[in-house]
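> Next comes input-v6.cif, mmCIF, C-alpha atoms and all ligand atoms:
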data_entry
loop_
_atom_site.group_PDB
_atom_site.id
_atom_site.type_symbol
_atom_site.label_atom_id
_atom_site.label_comp_id
_atom_site.auth_asym_id
_atom_site.auth_seq_id
_atom_site.Cartn_x
_atom_site.Cartn_y
_atom_site.Cartn_z
ATOM 1 C CA GLU A 1 -11.820 11.680 3.042
ATOM 2 C CA SER A 2 -13.367 14.844 1.764
ATOM 3 C CA SER A 3 -16.513 15.138 -0.276
ATOM 4 C CA GLY A 4 -16.689 15.637 -4.024
ATOM 5 C CA LYS A 5 -13.623 14.257 -5.689
ATOM 6 C CA MET A 6 -12.617 11.752 -3.054
ATOM 7 C CA PRO A 7 -13.815 8.161 -3.315
ATOM 8 C CA PRO A 8 -16.043 6.473 -0.748
ATOM 9 C CA PRO A 9 -14.269 4.488 1.952
ATOM 10 C CA VAL A 10 -13.491 0.843 1.329
ATOM 11 C CA GLY A 11 -16.530 -1.295 1.997
ATOM 12 C CA GLU A 12 -19.012 1.249 0.757
ATOM 13 C CA TYR A 13 -17.945 0.809 -2.808
ATOM 14 C CA SER A 14 -20.678 -1.083 -4.607
ATOM 15 C CA GLY A 15 -18.556 -2.369 -7.439
ATOM 16 C CA SER A 16 -21.563 -2.326 -9.743
ATOM 17 C CA ASN A 17 -19.955 0.182 -12.081
ATOM 18 C CA ILE A 18 -16.662 -1.614 -12.372
ATOM 19 C CA ALA A 19 -15.836 -1.782 -16.018
ATOM 20 C CA GLN A 20 -14.284 -4.756 -17.721
ATOM 21 C CA SER A 21 -10.599 -5.031 -16.911
ATOM 22 C CA HIS A 22 -9.789 -4.334 -20.539
ATOM 23 C CA ASP A 23 -11.601 -0.987 -20.275
ATOM 24 C CA VAL A 24 -9.946 -0.202 -16.966
ATOM 25 C CA LEU A 25 -6.537 -0.744 -18.520
ATOM 26 C CA GLN A 26 -7.434 1.488 -21.469
ATOM 27 C CA HIS A 27 -8.642 4.256 -19.131
ATOM 28 C CA LEU A 28 -5.483 3.866 -17.061
ATOM 29 C CA LYS A 29 -3.293 4.168 -20.104
ATOM 30 C CA SER A 30 -4.985 7.379 -21.172
ATOM 31 C CA ALA A 31 -5.182 8.780 -17.636
ATOM 32 C CA ASP A 32 -3.615 12.108 -16.769
ATOM 33 C CA PHE A 33 -2.001 10.959 -13.527
ATOM 34 C CA ASP A 34 -1.429 14.409 -12.037
ATOM 35 C CA ASN A 35 -5.089 15.291 -12.423
ATOM 36 C CA GLU A 36 -6.722 11.939 -11.792
ATOM 37 C CA PHE A 37 -4.520 10.356 -9.128
ATOM 38 C CA SER A 38 -4.149 11.461 -5.562
ATOM 39 C CA LEU A 39 -2.781 10.021 -2.359
ATOM 40 C CA VAL A 40 -4.547 9.805 0.980
ATOM 41 C CA TYR A 41 -2.706 9.073 4.195
ATOM 42 C CA GLN A 42 -3.678 6.685 6.962
ATOM 43 C CA PRO A 43 -2.010 7.102 10.357
ATOM 44 C CA LYS A 44 -0.172 4.288 12.123
ATOM 45 C CA VAL A 45 -0.425 4.574 15.861
ATOM 46 C CA CYS A 46 1.875 3.442 18.678
ATOM 47 C CA ALA A 47 -0.068 0.709 20.526
ATOM 48 C CA LYS A 48 1.165 1.945 23.903
ATOM 49 C CA THR A 49 0.714 5.708 23.589
ATOM 50 C CA GLY A 50 -1.932 6.137 20.887
ATOM 51 C CA ARG A 51 0.331 8.649 19.160
ATOM 52 C CA ILE A 52 0.776 8.768 15.405
ATOM 53 C CA VAL A 53 4.159 7.254 14.594
ATOM 54 C CA GLY A 54 3.829 6.886 10.860
ATOM 55 C CA LEU A 55 1.646 7.248 7.805
ATOM 56 C CA GLU A 56 0.768 4.999 4.894
ATOM 57 C CA SER A 57 -0.052 6.576 1.565
ATOM 58 C CA LEU A 58 -2.898 4.996 -0.396
ATOM 59 C CA LEU A 59 -3.592 5.696 -4.027
ATOM 60 C CA ARG A 60 -6.903 7.077 -5.275
ATOM 61 C CA TRP A 61 -8.027 7.294 -8.885
ATOM 62 C CA ASN A 62 -10.881 9.454 -10.070
ATOM 63 C CA SER A 63 -11.284 8.934 -13.795
ATOM 64 C CA PRO A 64 -13.389 11.509 -15.690
ATOM 65 C CA ILE A 65 -14.592 8.653 -17.893
ATOM 66 C CA ALA A 66 -15.017 5.739 -15.495
ATOM 67 C CA GLY A 67 -15.480 7.516 -12.169
ATOM 68 C CA VAL A 68 -13.865 6.446 -8.939
ATOM 69 C CA ILE A 69 -12.123 3.106 -9.221
ATOM 70 C CA PRO A 70 -10.560 1.645 -6.063
ATOM 71 C CA PRO A 71 -6.946 0.427 -6.030
ATOM 72 C CA ASP A 72 -8.060 -3.122 -5.242
ATOM 73 C CA VAL A 73 -9.571 -3.093 -8.732
ATOM 74 C CA PHE A 74 -7.060 -1.236 -10.876
ATOM 75 C CA ILE A 75 -3.736 -2.221 -9.250
ATOM 76 C CA PRO A 76 -4.119 -5.959 -10.060
ATOM 77 C CA ILE A 77 -5.036 -5.016 -13.643
ATOM 78 C CA ALA A 78 -1.983 -2.777 -13.932
ATOM 79 C CA GLU A 79 0.142 -5.548 -12.410
ATOM 80 C CA GLU A 80 -0.724 -7.908 -15.239
ATOM 81 C CA GLY A 81 1.399 -5.805 -17.545
ATOM 82 C CA SER A 82 4.220 -3.375 -17.054
ATOM 83 C CA PHE A 83 1.865 -0.450 -16.471
ATOM 84 C CA ILE A 84 2.270 -0.886 -12.717
ATOM 85 C CA ASN A 85 5.735 0.633 -13.182
ATOM 86 C CA ASP A 86 4.273 3.938 -14.415
ATOM 87 C CA ILE A 87 1.800 4.053 -11.561
ATOM 88 C CA GLY A 88 4.498 3.116 -9.070
ATOM 89 C CA GLU A 89 6.770 5.850 -10.344
ATOM 90 C CA TRP A 90 4.022 8.431 -9.889
ATOM 91 C CA VAL A 91 3.399 7.188 -6.340
ATOM 92 C CA LEU A 92 7.128 7.312 -5.572
ATOM 93 C CA ASN A 93 7.478 10.881 -6.838
ATOM 94 C CA GLU A 94 4.329 12.045 -5.099
ATOM 95 C CA THR A 95 5.509 10.418 -1.879
ATOM 96 C CA ALA A 96 8.771 12.340 -2.168
ATOM 97 C CA ARG A 97 6.851 15.576 -2.761
ATOM 98 C CA PHE A 98 4.722 14.920 0.317
ATOM 99 C CA GLN A 99 7.826 14.220 2.371
ATOM 100 C CA MET A 100 9.276 17.498 1.146
ATOM 101 C CA ARG A 101 6.162 19.494 2.071
ATOM 102 C CA TRP A 102 6.083 17.868 5.490
ATOM 103 C CA ARG A 103 9.817 17.840 5.985
ATOM 104 C CA SER A 104 10.140 20.035 9.036
ATOM 105 C CA PHE A 105 7.258 18.235 10.672
ATOM 106 C CA THR A 106 8.505 14.760 9.803
ATOM 107 C CA LEU A 107 11.990 15.566 11.016
ATOM 108 C CA SER A 108 10.771 16.836 14.339
ATOM 109 C CA LYS A 109 8.542 13.819 14.942
ATOM 110 C CA GLY A 110 10.771 11.297 13.268
ATOM 111 C CA PHE A 111 8.015 9.274 11.745
ATOM 112 C CA ARG A 112 8.105 7.287 8.578
ATOM 113 C CA LEU A 113 5.990 7.664 5.496
ATOM 114 C CA ALA A 114 5.147 4.297 3.995
ATOM 115 C CA PHE A 115 3.981 3.638 0.480
ATOM 116 C CA ASN A 116 2.864 0.481 -1.262
ATOM 117 C CA VAL A 117 5.024 -1.267 -3.804
ATOM 118 C CA SER A 118 4.010 -4.248 -5.883
ATOM 119 C CA PRO A 119 6.632 -7.000 -6.145
ATOM 120 C CA LYS A 120 6.173 -6.640 -9.919
ATOM 121 C CA GLN A 121 7.693 -3.179 -9.698
ATOM 122 C CA LEU A 122 10.920 -4.567 -8.302
ATOM 123 C CA ARG A 123 11.498 -6.878 -11.224
ATOM 124 C CA ASP A 124 13.750 -4.887 -13.503
ATOM 125 C CA GLY A 125 15.814 -3.015 -10.943
ATOM 126 C CA CYS A 126 14.668 0.353 -12.366
ATOM 127 C CA PHE A 127 12.651 1.098 -9.270
ATOM 128 C CA VAL A 128 15.647 0.904 -6.966
ATOM 129 C CA GLU A 129 17.578 3.188 -9.327
ATOM 130 C CA LYS A 130 14.768 5.752 -9.176
ATOM 131 C CA VAL A 131 14.712 5.575 -5.395
ATOM 132 C CA LYS A 132 18.487 6.049 -5.319
ATOM 133 C CA ALA A 133 18.241 9.085 -7.580
ATOM 134 C CA LEU A 134 15.625 10.697 -5.325
ATOM 135 C CA ILE A 135 17.826 10.095 -2.302
ATOM 136 C CA SER A 136 20.887 11.541 -4.049
ATOM 137 C CA SER A 137 19.009 14.670 -5.068
ATOM 138 C CA GLY A 138 17.827 15.104 -1.484
ATOM 139 C CA ASP A 139 14.170 14.618 -2.390
ATOM 140 C CA LEU A 140 13.686 11.468 -0.343
ATOM 141 C CA ILE A 141 15.024 10.806 3.129
ATOM 142 C CA PRO A 142 15.470 7.049 3.467
ATOM 143 C CA GLU A 143 15.340 7.108 7.279
ATOM 144 C CA TYR A 144 11.812 8.489 7.040
ATOM 145 C CA THR A 145 10.628 6.150 4.327
ATOM 146 C CA CYS A 146 9.057 2.707 4.465
ATOM 147 C CA ILE A 147 8.155 0.446 1.572
ATOM 148 C CA GLU A 148 5.266 -1.984 2.004
ATOM 149 C CA ILE A 149 5.542 -4.977 -0.302
ATOM 150 C CA THR A 150 1.975 -5.906 -1.207
ATOM 151 C CA GLU A 151 0.665 -9.409 -1.747
ATOM 152 C CA SER A 152 -1.594 -8.644 -4.705
ATOM 153 C CA ALA A 153 0.806 -10.382 -7.068
ATOM 154 C CA ALA A 154 2.975 -13.393 -6.397
ATOM 155 C CA ILE A 155 6.718 -12.849 -6.251
ATOM 156 C CA ASP A 156 7.870 -14.749 -9.296
ATOM 157 C CA ASP A 157 11.613 -14.233 -8.941
ATOM 158 C CA PHE A 158 12.154 -14.568 -5.229
ATOM 159 C CA GLU A 159 15.920 -14.296 -5.372
ATOM 160 C CA ASP A 160 15.872 -11.085 -7.375
ATOM 161 C CA CYS A 161 13.170 -9.625 -5.136
ATOM 162 C CA CYS A 162 15.379 -10.270 -2.105
ATOM 163 C CA LYS A 163 18.290 -8.610 -3.890
ATOM 164 C CA GLN A 164 16.263 -5.480 -4.652
ATOM 165 C CA LEU A 165 14.871 -5.293 -1.127
ATOM 166 C CA THR A 166 18.344 -5.650 0.348
ATOM 167 C CA LYS A 167 19.461 -2.684 -1.760
ATOM 168 C CA LEU A 168 16.558 -0.591 -0.468
ATOM 169 C CA SER A 169 17.262 -1.676 3.073
ATOM 170 C CA ASP A 170 20.978 -0.832 2.676
ATOM 171 C CA LEU A 171 19.914 2.660 1.628
ATOM 172 C CA GLY A 172 18.216 3.035 5.015
ATOM 173 C CA ILE A 173 14.642 2.435 3.895
ATOM 174 C CA GLU A 174 12.430 0.323 6.122
ATOM 175 C CA VAL A 175 10.908 -2.699 4.380
ATOM 176 C CA ALA A 176 7.538 -4.110 5.427
ATOM 177 C CA ILE A 177 5.782 -7.295 4.350
ATOM 178 C CA ASP A 178 2.171 -6.258 3.760
ATOM 179 C CA ASP A 179 -0.985 -8.345 4.171
ATOM 180 C CA PHE A 180 0.675 -11.102 6.174
ATOM 181 C CA GLY A 181 -1.657 -14.041 6.627
ATOM 182 C CA THR A 182 -3.493 -13.722 3.353
ATOM 183 C CA GLY A 183 -3.082 -14.523 -0.312
ATOM 184 C CA HIS A 184 0.473 -15.160 -1.321
ATOM 185 C CA THR A 185 2.163 -14.138 1.898
ATOM 186 C CA ALA A 186 3.409 -17.146 3.792
ATOM 187 C CA ILE A 187 5.867 -18.002 6.501
ATOM 188 C CA ASN A 188 8.692 -18.350 4.004
ATOM 189 C CA TYR A 189 8.298 -14.609 3.350
ATOM 190 C CA LEU A 190 9.177 -13.979 6.990
ATOM 191 C CA LEU A 191 12.124 -16.331 6.775
ATOM 192 C CA LYS A 192 13.564 -15.211 3.463
ATOM 193 C CA LEU A 193 12.604 -11.636 2.627
ATOM 194 C CA PRO A 194 14.983 -9.055 4.063
ATOM 195 C CA ALA A 195 12.236 -7.087 5.838
ATOM 196 C CA HIS A 196 12.065 -5.206 9.137
ATOM 197 C CA VAL A 197 8.333 -5.109 9.610
ATOM 198 C CA VAL A 198 5.395 -7.448 9.156
ATOM 199 C CA LYS A 199 1.882 -6.092 8.724
ATOM 200 C CA LEU A 200 -0.853 -8.459 9.861
ATOM 201 C CA ASP A 201 -3.701 -8.455 7.391
ATOM 202 C CA ARG A 202 -7.127 -7.190 8.367
ATOM 203 C CA SER A 203 -8.616 -10.653 7.799
ATOM 204 C CA LEU A 204 -6.484 -12.009 10.667
ATOM 205 C CA ILE A 205 -7.602 -9.245 13.024
ATOM 206 C CA GLN A 206 -11.371 -9.621 12.494
ATOM 207 C CA GLY A 207 -12.063 -12.407 14.999
ATOM 208 C CA VAL A 208 -9.311 -11.671 17.453
ATOM 209 C CA ASP A 209 -11.674 -10.348 20.131
ATOM 210 C CA SER A 210 -14.386 -12.960 19.700
ATOM 211 C CA GLU A 211 -12.866 -16.250 18.580
ATOM 212 C CA GLU A 212 -10.396 -18.162 20.696
ATOM 213 C CA LYS A 213 -8.745 -19.772 17.662
ATOM 214 C CA SER A 214 -8.219 -16.421 16.046
ATOM 215 C CA TYR A 215 -6.830 -14.941 19.236
ATOM 216 C CA ASN A 216 -4.350 -17.769 19.698
ATOM 217 C CA VAL A 217 -3.152 -17.735 16.107
ATOM 218 C CA VAL A 218 -2.580 -13.988 16.039
ATOM 219 C CA LYS A 219 -0.889 -14.025 19.424
ATOM 220 C CA ASN A 220 1.563 -16.637 18.217
ATOM 221 C CA VAL A 221 2.158 -14.915 14.887
ATOM 222 C CA VAL A 222 3.093 -11.737 16.775
ATOM 223 C CA ALA A 223 5.457 -13.708 19.010
ATOM 224 C CA MET A 224 6.917 -15.577 16.051
ATOM 225 C CA ALA A 225 7.676 -12.395 14.086
ATOM 226 C CA GLN A 226 9.162 -10.704 17.130
ATOM 227 C CA SER A 227 11.302 -13.742 17.905
ATOM 228 C CA ILE A 228 13.114 -13.175 14.603
ATOM 229 C CA GLY A 229 13.532 -9.471 15.322
ATOM 230 C CA MET A 230 10.663 -8.074 13.280
ATOM 231 C CA LYS A 231 8.369 -5.224 14.261
ATOM 232 C CA VAL A 232 4.668 -6.044 14.041
ATOM 233 C CA VAL A 233 1.997 -3.691 12.737
ATOM 234 C CA ALA A 234 -1.668 -4.719 12.791
ATOM 235 C CA GLU A 235 -3.947 -3.242 10.128
ATOM 236 C CA GLY A 236 -7.742 -3.247 10.049
ATOM 237 C CA ILE A 237 -8.160 -2.291 13.719
ATOM 238 C CA GLU A 238 -11.830 -1.340 13.607
ATOM 239 C CA ILE A 239 -12.911 -1.426 17.240
ATOM 240 C CA ALA A 240 -11.442 -0.774 20.684
ATOM 241 C CA GLN A 241 -11.416 -4.511 21.495
ATOM 242 C CA HIS A 242 -9.156 -5.217 18.502
ATOM 243 C CA ALA A 243 -6.781 -2.521 19.708
ATOM 244 C CA LEU A 244 -6.743 -3.870 23.253
ATOM 245 C CA CYS A 245 -6.093 -7.465 22.157
ATOM 246 C CA LEU A 246 -3.224 -6.530 19.869
ATOM 247 C CA LYS A 247 -1.719 -4.179 22.410
ATOM 248 C CA ASN A 248 -1.773 -6.920 25.042
ATOM 249 C CA MET A 249 -0.079 -9.277 22.612
ATOM 250 C CA GLY A 250 2.792 -6.790 22.376
ATOM 251 C CA CYS A 251 2.089 -5.642 18.823
ATOM 252 C CA GLU A 252 3.972 -2.343 18.348
ATOM 253 C CA GLU A 253 1.826 -0.378 15.910
ATOM 254 C CA LEU A 254 -1.861 -0.297 15.043
ATOM 255 C CA GLN A 255 -3.747 1.042 12.063
ATOM 256 C CA GLY A 256 -7.408 1.038 11.130
ATOM 257 C CA TYR A 257 -10.731 2.833 11.125
ATOM 258 C CA HIS A 258 -10.830 2.709 14.939
ATOM 259 C CA TYR A 259 -8.098 5.351 14.848
ATOM 260 C CA SER A 260 -8.533 6.966 11.498
ATOM 261 C CA LYS A 261 -9.598 6.417 7.930
ATOM 262 C CA PRO A 262 -7.156 7.462 5.216
ATOM 263 C CA LEU A 263 -7.005 11.266 5.235
ATOM 264 C CA THR A 264 -6.348 14.053 2.796
ATOM 265 C CA GLU A 265 -3.494 16.364 3.725
ATOM 266 C CA ASP A 266 -5.925 18.935 5.140
ATOM 267 C CA GLN A 267 -7.628 16.334 7.288
ATOM 268 C CA LEU A 268 -4.246 15.049 8.385
ATOM 269 C CA LEU A 269 -3.271 18.438 9.759
ATOM 270 C CA LYS A 270 -6.383 18.456 11.931
ATOM 271 C CA ALA A 271 -5.878 14.876 13.090
ATOM 272 C CA LEU A 272 -2.313 15.618 14.118
ATOM 273 C CA ALA A 273 -3.484 18.524 16.209
ATOM 274 C CA GLN A 274 -5.920 16.268 18.064
ATOM 275 C CA GLN A 275 -3.805 13.270 18.896
ATOM 276 C CA PRO A 276 -3.125 11.066 20.770
ATOM 277 C CA TYR A 277 -5.945 8.798 19.683
ATOM 278 C CA LYS A 278 -7.758 6.889 22.373
HETATM 279 P P1 LIG B 301 -3.373 -2.359 1.849
HETATM 280 O O1 LIG B 301 -2.010 -1.833 1.563
HETATM 281 O O2 LIG B 301 -3.470 -3.585 2.671
HETATM 282 O O3 LIG B 301 -4.147 -1.142 2.502
HETATM 283 C C1 LIG B 301 -5.178 -1.285 3.455
HETATM 284 C C2 LIG B 301 -6.535 -1.097 2.838
HETATM 285 O O4 LIG B 301 -7.548 -1.260 3.842
HETATM 286 C C3 LIG B 301 -6.775 0.301 2.285
HETATM 287 O O5 LIG B 301 -7.711 0.169 1.220
HETATM 288 C C4 LIG B 301 -7.414 1.032 3.464
HETATM 289 O O6 LIG B 301 -8.176 2.154 3.069
HETATM 290 C C5 LIG B 301 -8.273 -0.061 4.047
HETATM 291 N N1 LIG B 301 -8.449 0.065 5.492
HETATM 292 C C6 LIG B 301 -7.666 0.698 6.395
HETATM 293 N N2 LIG B 301 -8.135 0.534 7.646
HETATM 294 C C7 LIG B 301 -9.245 -0.236 7.543
HETATM 295 C C8 LIG B 301 -10.188 -0.773 8.508
HETATM 296 O O7 LIG B 301 -10.087 -0.570 9.710
HETATM 297 N N3 LIG B 301 -11.202 -1.541 8.007
HETATM 298 C C9 LIG B 301 -11.350 -1.782 6.681
HETATM 299 N N4 LIG B 301 -12.388 -2.529 6.279
HETATM 300 N N5 LIG B 301 -10.481 -1.306 5.742
HETATM 301 C C10 LIG B 301 -9.440 -0.554 6.178
HETATM 302 P P2 LIG B 301 -7.458 0.871 -0.182
HETATM 303 O O8 LIG B 301 -6.917 2.245 0.038
HETATM 304 O O9 LIG B 301 -8.674 0.701 -1.002
HETATM 305 O O10 LIG B 301 -6.276 0.020 -0.811
HETATM 306 C C11 LIG B 301 -6.465 -1.312 -1.149
HETATM 307 C C12 LIG B 301 -5.173 -1.938 -1.573
HETATM 308 O O11 LIG B 301 -4.709 -1.381 -2.800
HETATM 309 C C13 LIG B 301 -4.037 -1.732 -0.587
HETATM 310 O O12 LIG B 301 -4.154 -2.647 0.470
HETATM 311 C C14 LIG B 301 -2.830 -1.984 -1.468
HETATM 312 O O13 LIG B 301 -2.580 -3.366 -1.595
HETATM 313 C C15 LIG B 301 -3.314 -1.432 -2.801
HETATM 314 N N6 LIG B 301 -2.747 -0.071 -2.980
HETATM 315 C C16 LIG B 301 -3.208 1.123 -2.521
HETATM 316 N N7 LIG B 301 -2.408 2.144 -2.895
HETATM 317 C C17 LIG B 301 -1.400 1.566 -3.611
HETATM 318 C C18 LIG B 301 -0.220 2.082 -4.267
HETATM 319 O O14 LIG B 301 0.093 3.289 -4.227
HETATM 320 N N8 LIG B 301 0.577 1.163 -4.908
HETATM 321 C C19 LIG B 301 0.289 -0.175 -4.916
HETATM 322 N N9 LIG B 301 1.130 -1.013 -5.590
HETATM 323 N N10 LIG B 301 -0.779 -0.679 -4.304
HETATM 324 C C20 LIG B 301 -1.611 0.167 -3.658
HETATM 325 CA CA CA B 302 -0.167 -1.454 2.625
HETATM 326 CA CA CA B 303 -3.176 -5.321 -0.054
HETATM 327 CA CA CA B 304 -4.048 -5.593 3.758
#
Could you take the file, read its structure, and then write that structure out as structure tokens?
Ligand code: C2E
Ligand code: CA
Ligand code: CA
Ligand code: CA


Amino acid sequence: ESSGKMPPPVGEYSGSNIAQSHDVLQHLKSADFDNEFSLVYQPKVCAKTGRIVGLESLLRWNSPIAGVIPPDVFIPIAEEGSFINDIGEWVLNETARFQMRWRSFTLSKGFRLAFNVSPKQLRDGCFVEKVKALISSGDLIPEYTCIEITESAAIDDFEDCCKQLTKLSDLGIEVAIDDFGTGHTAINYLLKLPAHVVKLDRSLIQGVDSEEKSYNVVKNVVAMAQSIGMKVVAEGIEIAQHALCLKNMGCEELQGYHYSKPLTEDQLLKALAQQPYK
């Protein structure tokens, strides 16, 4: 990520200047999204070829009052109320704008642009209507779109969530279960959510090259997901050994600092010119 306005990468954030969640919510509510929010894009790589096969957009917030606040901090706060819907709508529209700018490229490569959606956003059905409208107006191509359902909040109405996801899936959008193996995401998500993809959480990947237990669990999770027809993406691939392990397990796509940090659009152009990644 570029200097100046962009936030430091995850892990380097000290957290010492995190305001009280009440303040964060107030700053969010008064934020000028178009000026304070931006998206960065992290490549997803084919495990076999090392080529970029998709991108995930990640939200950044640079508040003139509070400074850079990472999404891990402000998304859960926004999720406590309905404010996540406003943020989610901005992300959806910005994702569509990105897809538009990159249309000729995306079409020629056929890769999907993923963005993160909180289960809270799916609650009232408005989100699906907005997605539909963008598809109808030609601003979003469902075949090149993926929605990652995050685990930051529990799914409180499971049945309704499934209904909304089925609608998105029927539109041609790929649905991914994010952060599998952590927090709220459990095996019943694999069984019940109408999703095409499962993303293994970074915390599962950490010990895969050094701990036998870890290796065996991940190997069997990959096999389990594939046995029910799901594609497996591993996130948090930080070193070559992680990549090798997951590749040998048959995991289809890999993502992590080993390949690339989240990139601005300018950086993305350069990265695309230099691939495949090794
Ligand atoms: P996530 O969707 O699981 O995204 C992966 C997070 O791990 C990102 O942090 C990414 O920058 C970081 N990451 C990627 N590769 C590596 C790696 O190899 N090592 C390490 N240590 N970290 C890696 P980020 O961008 O801070 O986002 C944190 C979380 O905030 C996301 O987790 C997602 O749950 C949420 N989030 C981000 N953008 C949005 C958004 O637009 N909407 C919603 N609802 N949630 C979002
Ligand atoms: Ca994600
Ligand atoms: Ca997450
Ligand atoms: Ca994760």

> Determine the residue membership of the PyMOL selection byres (((chain A and resi 106) around 12) and not hetatm) for the file above and supply it as a PyMOL selection string.

chain A and resi 52-55+98-105+107-113+140-141+143-145+272

> Can I get the residues close to ligand LIG 301 (chain B) as an mmCIF file with C-alpha atoms, in the coordinates of the input, where close means within 6 Å and we count all atoms listed in the file?


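As written to disk, result07.cif reads:
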data_model
loop_
_atom_site.group_PDB
_atom_site.id
_atom_site.type_symbol
_atom_site.label_atom_id
_atom_site.label_comp_id
_atom_site.auth_asym_id
_atom_site.auth_seq_id
_atom_site.Cartn_x
_atom_site.Cartn_y
_atom_site.Cartn_z
ATOM 1 C CA VAL A 10 -13.491 0.843 1.329
ATOM 2 C CA LEU A 58 -2.898 4.996 -0.396
ATOM 3 C CA LEU A 59 -3.592 5.696 -4.027
ATOM 4 C CA PRO A 70 -10.560 1.645 -6.063
ATOM 5 C CA PRO A 71 -6.946 0.427 -6.030
ATOM 6 C CA ASP A 72 -8.060 -3.122 -5.242
ATOM 7 C CA ILE A 75 -3.736 -2.221 -9.250
ATOM 8 C CA VAL A 91 3.399 7.188 -6.340
ATOM 9 C CA ASN A 116 2.864 0.481 -1.262
ATOM 10 C CA VAL A 117 5.024 -1.267 -3.804
ATOM 11 C CA SER A 118 4.010 -4.248 -5.883
ATOM 12 C CA THR A 150 1.975 -5.906 -1.207
ATOM 13 C CA ASP A 179 -0.985 -8.345 4.171
ATOM 14 C CA GLY A 236 -7.742 -3.247 10.049
ATOM 15 C CA ILE A 237 -8.160 -2.291 13.719
ATOM 16 C CA GLU A 238 -11.830 -1.340 13.607
ATOM 17 C CA GLY A 256 -7.408 1.038 11.130
ATOM 18 C CA TYR A 257 -10.731 2.833 11.125
ATOM 19 C CA PRO A 262 -7.156 7.462 5.216
#

> Which chains and residue numbers are within 8 Å of ligand CA 304 (chain B), counting all atoms listed in the file, if I want them as a ChimeraX atom specification?

/A:150,178-180,199-203,235-236

> Pick from A:Ile173, A:Ile187, A:Leu193, A:Cys146: nearest to ligand CA 302 (chain B), with only C-alpha atoms and all ligand atoms counted?

A:Cys146

> Do you know which residues are at most 8 Å from Ser152 in chain A counting all atoms listed in the file, after dropping those on the same chain fewer than 6 positions away, and could you put them as a PyMOL selection string?

chain A and resi 76+118+183-184

> Considering only C-alpha atoms, return as a PyMOL selection string whatever protein or nucleic-acid residues lie within 8 Å of range 207-222 of chain A, sequence-local ones (same chain, fewer than 3 positions apart) excluded.

chain A and resi 204+225-226+232+241-242+245-246+249-251

> Could you write out that same residue set with C-alpha atoms as an mmCIF file, in the frame of the given file?


data_model
loop_
_atom_site.group_PDB
_atom_site.id
_atom_site.type_symbol
_atom_site.label_atom_id
_atom_site.label_comp_id
_atom_site.auth_asym_id
_atom_site.auth_seq_id
_atom_site.Cartn_x
_atom_site.Cartn_y
_atom_site.Cartn_z
ATOM 1 C CA LEU A 204 -6.484 -12.009 10.667
ATOM 2 C CA ALA A 225 7.676 -12.395 14.086
ATOM 3 C CA GLN A 226 9.162 -10.704 17.130
ATOM 4 C CA VAL A 232 4.668 -6.044 14.041
ATOM 5 C CA GLN A 241 -11.416 -4.511 21.495
ATOM 6 C CA HIS A 242 -9.156 -5.217 18.502
ATOM 7 C CA CYS A 245 -6.093 -7.465 22.157
ATOM 8 C CA LEU A 246 -3.224 -6.530 19.869
ATOM 9 C CA MET A 249 -0.079 -9.277 22.612
ATOM 10 C CA GLY A 250 2.792 -6.790 22.376
ATOM 11 C CA CYS A 251 2.089 -5.642 18.823
#

> May I have the residues within 9 Å of Leu28 in chain A as a PyMOL selection string, using all atoms listed in the file and disregarding those fewer than 5 positions away in the same chain?

chain A and resi 23+33+63+74+78+83

> Using all atoms listed in the file, which residues sit within 9 Å of Arg60 in chain A once same-chain residues fewer than 2 positions away are excluded, as a PyMOL selection string?

chain A and resi 6-7+36-40+58+62+68-71

> Which residues fall under the PyMOL selection byres (((chain A and resi 259) around 9) and not hetatm) in this file, as JSON, numbers by chain?

{"A": [43, 44, 45, 50, 237, 238, 239, 254, 255, 256, 257, 258, 260, 261, 277, 278]}

> Using the chain letters and numbers from this file, what does the PyMOL selection byres (((chain A and resi 115) around 6) and not hetatm) select? Give the answer as number ranges by chain.

A: 56-57, 114, 116, 147-148

> Please compute the CA of Glu79 in chain A-CA of Leu134 in chain A distance, one decimal, in Å.

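One can read the CA of Glu79 in chain A to CA of Leu134 in chain A distance as 23.5 Å.
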
> When distances are computed from all atoms listed in the file, which of A:Thr49, A:Ile149, A:Tyr41, A:His27 shows the smallest separation from ligand CA 302 (chain B)?

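Residue with the minimum atom-to-atom distance to ligand CA 302 (chain B): A:Ile149.
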
> CA of Gln121 in chain A and CA of Met224 in chain A, how far apart in Å?

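These atoms are spaced 28.6 Å apart.
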
> So, with all atoms listed in the file as the atoms that count, which of A:Ile228, A:Val24, A:Cys162, A:Asn35 lies closest to Leu190 in chain A?

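Result for the nearest residue to Leu190 in chain A: A:Ile228.
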
> Of the residues A:Lys192, A:Lys167, A:Lys231, A:Lys120, which is the one nearest to Glu151 in chain A, using only C-alpha atoms?

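Looking at the shortest contact to Glu151 in chain A, the residue is A:Lys120.
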
> Could you check the closest approach to Ile155 in chain A for each of A:Gly81, A:Pro119, A:Pro194, A:Gly229 and tell me which residue wins, using all atoms listed in the file?

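Going through A:Gly81, A:Pro119, A:Pro194, A:Gly229 one by one, the smallest distance to Ile155 in chain A is for A:Pro119.
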
> What gap, in Å, lies between CA of Gln164 in chain A and CA of Lys130 in chain A?

12.2 Å
